[in-house]
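Take a look at the structure below.
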Amino acid sequence: MLLSVSDLTVAYAGVEAVSGVSFSVGEGELVSIIGANGAGKTSILNAVMGLIPSSGGRIEFDGTNVTRLPSHLRARRRMRIVPERARVFAHLTVRENLLVGAYGLRKAIDLQKKLEWLYGFFPVLEERSAQLARTLSGGEQQQLSIARALISDPKLLLVDEISMGLMPKLVETVFEALRDLNREHGITILLVEQNALASLRISNRGYVLEAGRIALEGNADALVRDAGVREAYLGI
Ligand SMILES: Nc1ncnc2c1ncn2[C@@H]1O[C@H](COP(=O)(O)OP(=O)(O)OP(=O)(O)O)[C@@H](O)[C@H]1O
Ligand SMILES: [Mg+2]
């Protein structure tokens, strides 16, 4: 497994938000963790990236125990996060934001080629490459946030609620891009999402998170067919 998380616990001021959660993501897989508001999705993703401390459990990434590694050292091992509510550098242009994503890379990459590849996925970013990021629409900022994480050639991409605030058409576009990145370019992706149907549709496997615990797990198509999941998360 590229990522193995066992018994992860996250607490805020002594109150557990995530209670002994275990899951894994294999190399080349696209895996979703779905759950309602406050279920603990962001807490899990931030703990995996090392942005917040875990209070228990073990996180193994690419054969290494990273549980106690600071986030920049996890990033150096090519783990990247697209945080909740796309955070972009407001006063930099789109292109500059992308270049920041490539800053500090050890391996020299052909930036121009990489930019062209990203613009292929997200054409709007090319149209707006000279525009200040703060003047982008929310959906454009989400796309920029993904592209910025991708420019560094991640081994594992963690994506937090990318569908938030996007109109349905754009949700489709962004999820298709994630699916292609996974299927055509072999990027391993862990999504956390409230939008259960859109995320399970592109996933290999999924986990259902309820109040900080995994309630259900399985193949994505089995979860989509599961009566309980359909009622609770899919509204059908
Ligand atoms: N910094 C914090 N301090 C205290 N409590 C927190 C903090 N961050 C999150 N929590 C609590 O932990 C629980 C899980 O929050 P989390 O953000 O992980 O949920 P989520 O599944 O990402 O929700 P959403 O779908 O709304 O983004 C919630 O009850 C939340 O109030
Ligand atoms: Mg969240």
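Simple scheme: letters A, B, ... for chains in structure tokens order, numbers from 1 for residues in each chain, numbers from 1 for ligands in the order shown.
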Report as a VMD selection string which protein, DNA and RNA residues come within 9 Å of ligand 1, using only C-alpha atoms and all ligand atoms.
-> chain A and resid 10 to 13 15 to 18 34 to 46 52 84 160 to 161 192 to 194 209 to 212
Polymer residues at most 12 Å from Leu190 (chain A), only C-alpha atoms, same-chain spacing of 4 or more positions, as an NGL selection string = :A and (2-4 or 23-34 or 41-42 or 44-45 or 48-49 or 79-82 or 155-162 or 178-179 or 182 or 199-200 or 202-207)
Point out the residue among A:Ile59, A:Ala232, A:Met164, A:Val88 with the least atom-to-atom distance to ligand 2, counting only C-alpha atoms and all ligand atoms.
-> A:Met164
Asn97 (chain A) surroundings by only C-alpha atoms, 9 Å radius, close-in-sequence under 5 positions cut, as a ChimeraX atom specification | /A:88-90,92,133,144-145,148
Write out as a list of chain:residue names the residues lying within 9 Å of region 165-167 of chain A, counting only C-alpha atoms and excluding same-chain residues fewer than 6 positions away.
->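 So the residues in contact are A:Arg85, A:Gly138, A:Gly139, A:Gln142.
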Atoms kept (C-alpha atoms) for selection, written as a PDB file, in the first residue's frame:
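Result written to out_22.pdb:
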ATOM      1  CA  ARG A  85     -11.560  25.839   0.096  1.00  0.00           C
ATOM      2  CA  GLY A 138     -14.292  30.075  -6.767  1.00  0.00           C
ATOM      3  CA  GLY A 139     -14.350  27.268  -9.301  1.00  0.00           C
ATOM      4  CA  GLN A 142     -10.294  25.195  -7.099  1.00  0.00           C
TER       5      GLN A 142
END
Residue set, region 105-221 of chain A restricted to strand (DSSP E), as number ranges by chain = A: 156-160, 188-193, 205-210, 213-219
Would you please give, as a PyMOL selection string, all residues of region 48-212 of chain A that DSSP assigns to alpha helix (DSSP H) based on the backbone?
-> chain A and resi 48-49+71-76+94-102+111-121+123-127+138-150+168-183+196-202
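The coordinates place CA of Val21 (chain A) at 4.8 Å from CA of Asp7 (chain A).
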Any idea what's packed within 8 Å of Gln143 (chain A), counting only C-alpha atoms, ignoring anything in its chain fewer than 4 positions away? Could you give it as a list in words?
->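 In the requested form, the answer reads Phe122, Leu125, Gly139, Ala147 and Val174 of chain A.
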Might you pull out every residue within 9 Å of Pro154 (chain A), with only C-alpha atoms counted and same-chain residues fewer than 5 positions away left off, and present them as a compact mmCIF listing (two decimals) with N, CA and C atoms, in the first residue's frame?
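Generated file (around-v5.txt):
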# COMPACT_ATOMS: atom_id res chain seq x y z
N ALA A 75 5.93 16.24 2.29
CA ALA A 75 5.85 16.83 0.95
C ALA A 75 7.08 16.43 0.13
N ARG A 77 8.58 13.78 0.24
CA ARG A 77 8.36 12.41 -0.24
C ARG A 77 7.24 12.34 -1.28
N ARG A 78 6.86 13.50 -1.74
CA ARG A 78 5.89 13.65 -2.83
C ARG A 78 4.45 13.34 -2.40
N MET A 79 4.10 13.82 -1.23
CA MET A 79 2.70 13.84 -0.81
C MET A 79 2.26 15.30 -0.94
N ARG A 80 1.07 15.51 -1.55
CA ARG A 80 0.58 16.88 -1.71
C ARG A 80 -0.89 16.96 -1.33
N ALA A 149 -0.88 21.78 -6.98
CA ALA A 149 -0.40 20.56 -6.31
C ALA A 149 0.22 19.60 -7.32
N ILE A 187 -1.60 8.81 -11.16
CA ILE A 187 -1.45 9.51 -9.89
C ILE A 187 -2.42 8.92 -8.86
N THR A 188 -1.89 8.55 -7.74
CA THR A 188 -2.71 7.96 -6.67
C THR A 188 -3.43 9.10 -5.94
One residue among A:Thr67, A:Glu172, A:Asp180, A:Pro83 is nearest to ligand 2 when using only C-alpha atoms and all ligand atoms, and that residue is A:Pro83
Nearest candidate to Arg134 (chain A) (options A:Ala222, A:Ser19, A:Val94, A:Trp117; using only C-alpha atoms) = A:Val94
Looking at A:Leu115, A:Leu197, A:Leu181, A:Ala86, which one is nearest to ligand 2, with distances taken over only C-alpha atoms and all ligand atoms?
->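 Between A:Leu115, A:Leu197, A:Leu181, A:Ala86, the residue approaching ligand 2 most closely is A:Ala86.
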